[in-house]
Amino acid sequence: MTTSHTIAVLGLGRMGGAIATRLAAQDWDVVGWTRSGRTSGTVKTTGDPNEAVARADLVLLALFDGPACEQVLDDVRGSLRPDTIVLNTSTIAPAEASRLALKLGPSYVHAPLLGSVPSAAAGALQILAAADQEALDRVRPVLESLGTVRRVDDASSAAALKLIANNSLAGAVLALRDSLRQADALALPRTQTLDVLELGQLGGLVARKRHFLLDEPTAATAEFTIGALAKDVALLAAASNTPLRSATGLADSPAGLDADIAVAATVPAVEDAVLEPLRAYIRGHATGDPTHFRGAFLPTAHIEGIRDGAFVSWPLDEYCTLFQGRPAPDEPTRSRRIDAIDVHGTVATATMTLSHGADTFTDLFLLVRAADGWRIANKAYHRHS
């Protein structure tokens with residue numbers, strides 16, 4: 001900033017509070033405002049965002065989502081001085097970032113942040129900044145108080161890159177969850193498992209989040225919540241119009257949305273009741289006894305796929321006639337595994353791989369929770385010859 005050092009920080013949540021505190025410690029004149037009215041007491045605040053904006057050369061947004069950014073900016077638009085820069089550090093959709101850039105023009109800087117509360121406190125954030133050169137030059141000293149600036153071509157790209165970065169974090173959390181579930185299934189001690197995981201590619205995440213992963217009593221608060229990360233990956237899935245497993249994997253976590261993202265990695269595997277029809281299906285193939293299939297499937301189920309180049313849709317009774325009540329001659333060499341299962345209330349989807357001699361089958365299941373427990377409603381398969 002070339003004249004005054006006055007910065008209005010709108011949004012004093014976990015990240016906004018850390019940013020405001022860091023800037024104040026770097027001798028910037030900071031005034032904060034938060035929608036909730038809750039403040040940390042580390043920076044001076046006002047109850048009226050227009051009061052903060054009217055005296056600021058720089059308005060820094062640290063809000064939860066795009067609608068919040070648009071609402072707050074609409075509320076203070078009349079108090080913005082002509083030369084005031086709006087610096088938006090919020091994680092929002094690419095289309096929302098483009099809309100704000102179009103509305104505010106050269107005075108808008110979109111600068112999402114890579115890093116969490118400790119990085120903000122240490123001035124070690126990575127900042128993806130999209131702005132006109134003049135605006136970027138004016139805000140660069142502020143941004144460099146928070147971390148390292150990486151220029152991006154436009155607001156939409158900056159927003160999209162931030163979502164991509166957060167999706168990689170979601171993937172790491174889900175990979176850690178899978179590892180912990182497998183370790184639990186093998187009866188491995190959690191502490192020993194974390195010791196080994198800390199030596200590998202997930203080591204940094206495990207080291208930072210160990211107390212959450214061990215469910216140890218701690219005074220530490222969540223640096224990045226499940227709710228915030230689930231929001232970000234859902235935005236990415238919507239923006240890309242491409243399926244994104246992490247969007248569902250995080251959003252369906254029974255842990256509270258205000259819990260730290262690491263808690264999502266400690267969610268136990270699905271209950272045995274959901275797996276039982278799949279295990280009965282495996283027993284049917286292993287023994288050749290169709291009774292197991294009748295217990296696994298709903299009576300109305302169909303088994304569908306391409307057989308000898310033609311689509312087939314067998315009712316359960318017809319499917320059961322394929323099995324003669326005895327194992328296949330090469331049964332000792334066959335194998336089957338449940339690859340994935342996702343539960344959504346009273347329905348679930350599952351994928352299984354069956355290696356049967358020269359053929360490998362990918363089976364996709366739709367399950368429902370019926371009155372007598374979980375059953376397979378339908379199965380579709382692909383045969384790899």
# chains A, B, ... in the order shown; residues from 1 in each chain; ligands from 1
call {"tool": "residues_around", "arguments": {"residues": "stretch 158-172 of chain A", "least_positions_apart": "5", "cutoff": "6 Å", "atoms": "only C-alpha atoms", "output": "list in words"}}
result
Pro94, Leu128, Val152, Val233 and Leu236 of chain A
call {"tool": "residues_around", "arguments": {"residues": "A:Ala101", "least_positions_apart": "3", "cutoff": "9 Å", "atoms": "only C-alpha atoms", "output": "VMD selection string"}}
result
chain A and resid 96 to 98 104 to 110 131 154 to 156
call {"tool": "select_by_dssp", "arguments": {"residues": "stretch 125-316 of chain A", "states": "helix (DSSP H, G or I)", "output": "NGL selection string"}}
result
:A and (133-146 or 155-185 or 190-197 or 203-213 or 226-240 or 245-251 or 261-266 or 272-287 or 290-296 or 316)
call {"tool": "residues_around", "arguments": {"residues": "A:Trp33", "least_positions_apart": "4", "cutoff": "8 Å", "atoms": "only C-alpha atoms", "output": "ChimeraX atom specification"}}
result
/A:8-12,37,45-49,52
call {"tool": "write_last_selection", "arguments": {"atoms": "all heavy atoms", "output": "PDB file, in the first residue's frame"}}
result
ATOM      1  N   ALA A   8      -9.129  -3.417   6.371  1.00  0.00           N
ATOM      2  CA  ALA A   8     -10.344  -3.952   6.972  1.00  0.00           C
ATOM      3  C   ALA A   8     -10.407  -5.438   6.649  1.00  0.00           C
ATOM      4  O   ALA A   8     -10.418  -5.820   5.472  1.00  0.00           O
ATOM      5  CB  ALA A   8     -11.583  -3.244   6.423  1.00  0.00           C
ATOM      6  N   VAL A   9     -10.414  -6.281   7.670  1.00  0.00           N
ATOM      7  CA  VAL A   9     -10.527  -7.729   7.480  1.00  0.00           C
ATOM      8  C   VAL A   9     -11.967  -8.115   7.789  1.00  0.00           C
ATOM      9  O   VAL A   9     -12.407  -8.019   8.944  1.00  0.00           O
ATOM     10  CB  VAL A   9      -9.544  -8.504   8.381  1.00  0.00           C
ATOM     11  CG1 VAL A   9      -9.733 -10.004   8.209  1.00  0.00           C
ATOM     12  CG2 VAL A   9      -8.098  -8.108   8.062  1.00  0.00           C
ATOM     13  N   LEU A  10     -12.691  -8.541   6.766  1.00  0.00           N
ATOM     14  CA  LEU A  10     -14.089  -8.925   6.930  1.00  0.00           C
ATOM     15  C   LEU A  10     -14.158 -10.442   6.980  1.00  0.00           C
ATOM     16  O   LEU A  10     -13.945 -11.127   5.977  1.00  0.00           O
ATOM     17  CB  LEU A  10     -14.935  -8.379   5.776  1.00  0.00           C
ATOM     18  CG  LEU A  10     -14.831  -6.863   5.530  1.00  0.00           C
ATOM     19  CD1 LEU A  10     -15.814  -6.437   4.443  1.00  0.00           C
ATOM     20  CD2 LEU A  10     -15.071  -6.069   6.817  1.00  0.00           C
ATOM     21  N   GLY A  11     -14.437 -10.946   8.164  1.00  0.00           N
ATOM     22  CA  GLY A  11     -14.428 -12.383   8.411  1.00  0.00           C
ATOM     23  C   GLY A  11     -13.310 -12.735   9.368  1.00  0.00           C
ATOM     24  O   GLY A  11     -12.141 -12.675   8.994  1.00  0.00           O
ATOM     25  N   LEU A  12     -13.673 -13.054  10.608  1.00  0.00           N
ATOM     26  CA  LEU A  12     -12.655 -13.344  11.623  1.00  0.00           C
ATOM     27  C   LEU A  12     -12.832 -14.759  12.177  1.00  0.00           C
ATOM     28  O   LEU A  12     -12.761 -14.988  13.380  1.00  0.00           O
ATOM     29  CB  LEU A  12     -12.725 -12.319  12.768  1.00  0.00           C
ATOM     30  CG  LEU A  12     -12.374 -10.885  12.393  1.00  0.00           C
ATOM     31  CD1 LEU A  12     -12.602  -9.954  13.586  1.00  0.00           C
ATOM     32  CD2 LEU A  12     -10.930 -10.772  11.908  1.00  0.00           C
ATOM     33  N   GLY A  37     -20.330 -11.987  14.942  1.00  0.00           N
ATOM     34  CA  GLY A  37     -20.197 -11.140  16.110  1.00  0.00           C
ATOM     35  C   GLY A  37     -19.163 -11.634  17.101  1.00  0.00           C
ATOM     36  O   GLY A  37     -18.802 -10.933  18.044  1.00  0.00           O
ATOM     37  N   THR A  45     -11.924  -4.394  16.579  1.00  0.00           N
ATOM     38  CA  THR A  45     -13.049  -4.772  15.728  1.00  0.00           C
ATOM     39  C   THR A  45     -14.136  -3.708  15.777  1.00  0.00           C
ATOM     40  O   THR A  45     -14.135  -2.827  16.639  1.00  0.00           O
ATOM     41  CB  THR A  45     -13.646  -6.116  16.183  1.00  0.00           C
ATOM     42  OG1 THR A  45     -14.119  -5.989  17.535  1.00  0.00           O
ATOM     43  CG2 THR A  45     -12.626  -7.228  16.103  1.00  0.00           C
ATOM     44  N   THR A  46     -15.057  -3.845  14.850  1.00  0.00           N
ATOM     45  CA  THR A  46     -16.231  -2.982  14.826  1.00  0.00           C
ATOM     46  C   THR A  46     -17.445  -3.851  14.534  1.00  0.00           C
ATOM     47  O   THR A  46     -17.325  -4.905  13.896  1.00  0.00           O
ATOM     48  CB  THR A  46     -16.093  -1.889  13.749  1.00  0.00           C
ATOM     49  OG1 THR A  46     -17.302  -1.132  13.701  1.00  0.00           O
ATOM     50  CG2 THR A  46     -15.857  -2.503  12.375  1.00  0.00           C
ATOM     51  N   GLY A  47     -18.587  -3.420  14.992  1.00  0.00           N
ATOM     52  CA  GLY A  47     -19.810  -4.154  14.718  1.00  0.00           C
ATOM     53  C   GLY A  47     -20.440  -3.784  13.390  1.00  0.00           C
ATOM     54  O   GLY A  47     -21.429  -4.401  12.986  1.00  0.00           O
ATOM     55  N   ASP A  48     -19.891  -2.804  12.707  1.00  0.00           N
ATOM     56  CA  ASP A  48     -20.455  -2.320  11.456  1.00  0.00           C
ATOM     57  C   ASP A  48     -19.416  -2.446  10.345  1.00  0.00           C
ATOM     58  O   ASP A  48     -18.400  -1.746  10.349  1.00  0.00           O
ATOM     59  CB  ASP A  48     -20.869  -0.854  11.607  1.00  0.00           C
ATOM     60  CG  ASP A  48     -21.514  -0.296  10.344  1.00  0.00           C
ATOM     61  OD1 ASP A  48     -21.619  -1.046   9.353  1.00  0.00           O
ATOM     62  OD2 ASP A  48     -21.894   0.882  10.356  1.00  0.00           O
ATOM     63  N   PRO A  49     -19.632  -3.334   9.373  1.00  0.00           N
ATOM     64  CA  PRO A  49     -18.627  -3.499   8.324  1.00  0.00           C
ATOM     65  C   PRO A  49     -18.430  -2.233   7.505  1.00  0.00           C
ATOM     66  O   PRO A  49     -17.325  -1.982   6.997  1.00  0.00           O
ATOM     67  CB  PRO A  49     -19.195  -4.636   7.469  1.00  0.00           C
ATOM     68  CG  PRO A  49     -20.667  -4.617   7.727  1.00  0.00           C
ATOM     69  CD  PRO A  49     -20.817  -4.185   9.159  1.00  0.00           C
ATOM     70  N   ALA A  52     -15.748  -0.149   9.035  1.00  0.00           N
ATOM     71  CA  ALA A  52     -14.404  -0.657   8.757  1.00  0.00           C
ATOM     72  C   ALA A  52     -13.986  -0.337   7.325  1.00  0.00           C
ATOM     73  O   ALA A  52     -12.858   0.109   7.071  1.00  0.00           O
ATOM     74  CB  ALA A  52     -14.368  -2.163   8.993  1.00  0.00           C
TER      75      ALA A  52
END
call {"tool": "closest_residue", "arguments": {"among": "A:Ala262, A:Ala130, A:Val267, A:Leu180", "to": "A:Thr89", "atoms": "only C-alpha atoms"}}
result
A:Ala130
call {"tool": "atom_distance", "arguments": {"atom1": "atom CA of A:Arg55", "atom2": "atom CA of A:Val31"}}
result
9.4 Å
call {"tool": "residues_around", "arguments": {"residues": "stretch 301-310 of chain A", "least_positions_apart": "5", "cutoff": "9 Å", "atoms": "only C-alpha atoms", "output": "list in words"}}
result
Pro315, Leu316, Tyr319, Ile376, Ala377, Asn378, Lys379, Ala380, Tyr381, His382 and Arg383 of chain A
call {"tool": "closest_residue", "arguments": {"among": "A:Ser385, A:Thr333, A:Asp372, A:Ala25", "to": "A:Thr360", "atoms": "only C-alpha atoms"}}
result
A:Ser385
call {"tool": "residues_around", "arguments": {"residues": "A:Arg210", "least_positions_apart": "5", "cutoff": "9 Å", "atoms": "only C-alpha atoms", "output": "list in words"}}
result
Leu194, Leu205, Asp215, Glu216 and Ala262 of chain A
call {"tool": "closest_residue", "arguments": {"among": "A:Ala207, A:Ala68, A:Ala286, A:Leu114", "to": "A:Pro329", "atoms": "only C-alpha atoms"}}
result
A:Ala286
call {"tool": "select_by_dssp", "arguments": {"residues": "stretch 316-363 of chain A", "states": "strand (DSSP E or B)", "output": "PyMOL selection string"}}
result
chain A and resi 335-344+347-356+359-363
call {"tool": "closest_residue", "arguments": {"among": "A:Tyr281, A:Ala129, A:Glu134, A:Pro217", "to": "A:Asp83", "atoms": "only C-alpha atoms"}}
result
A:Glu134
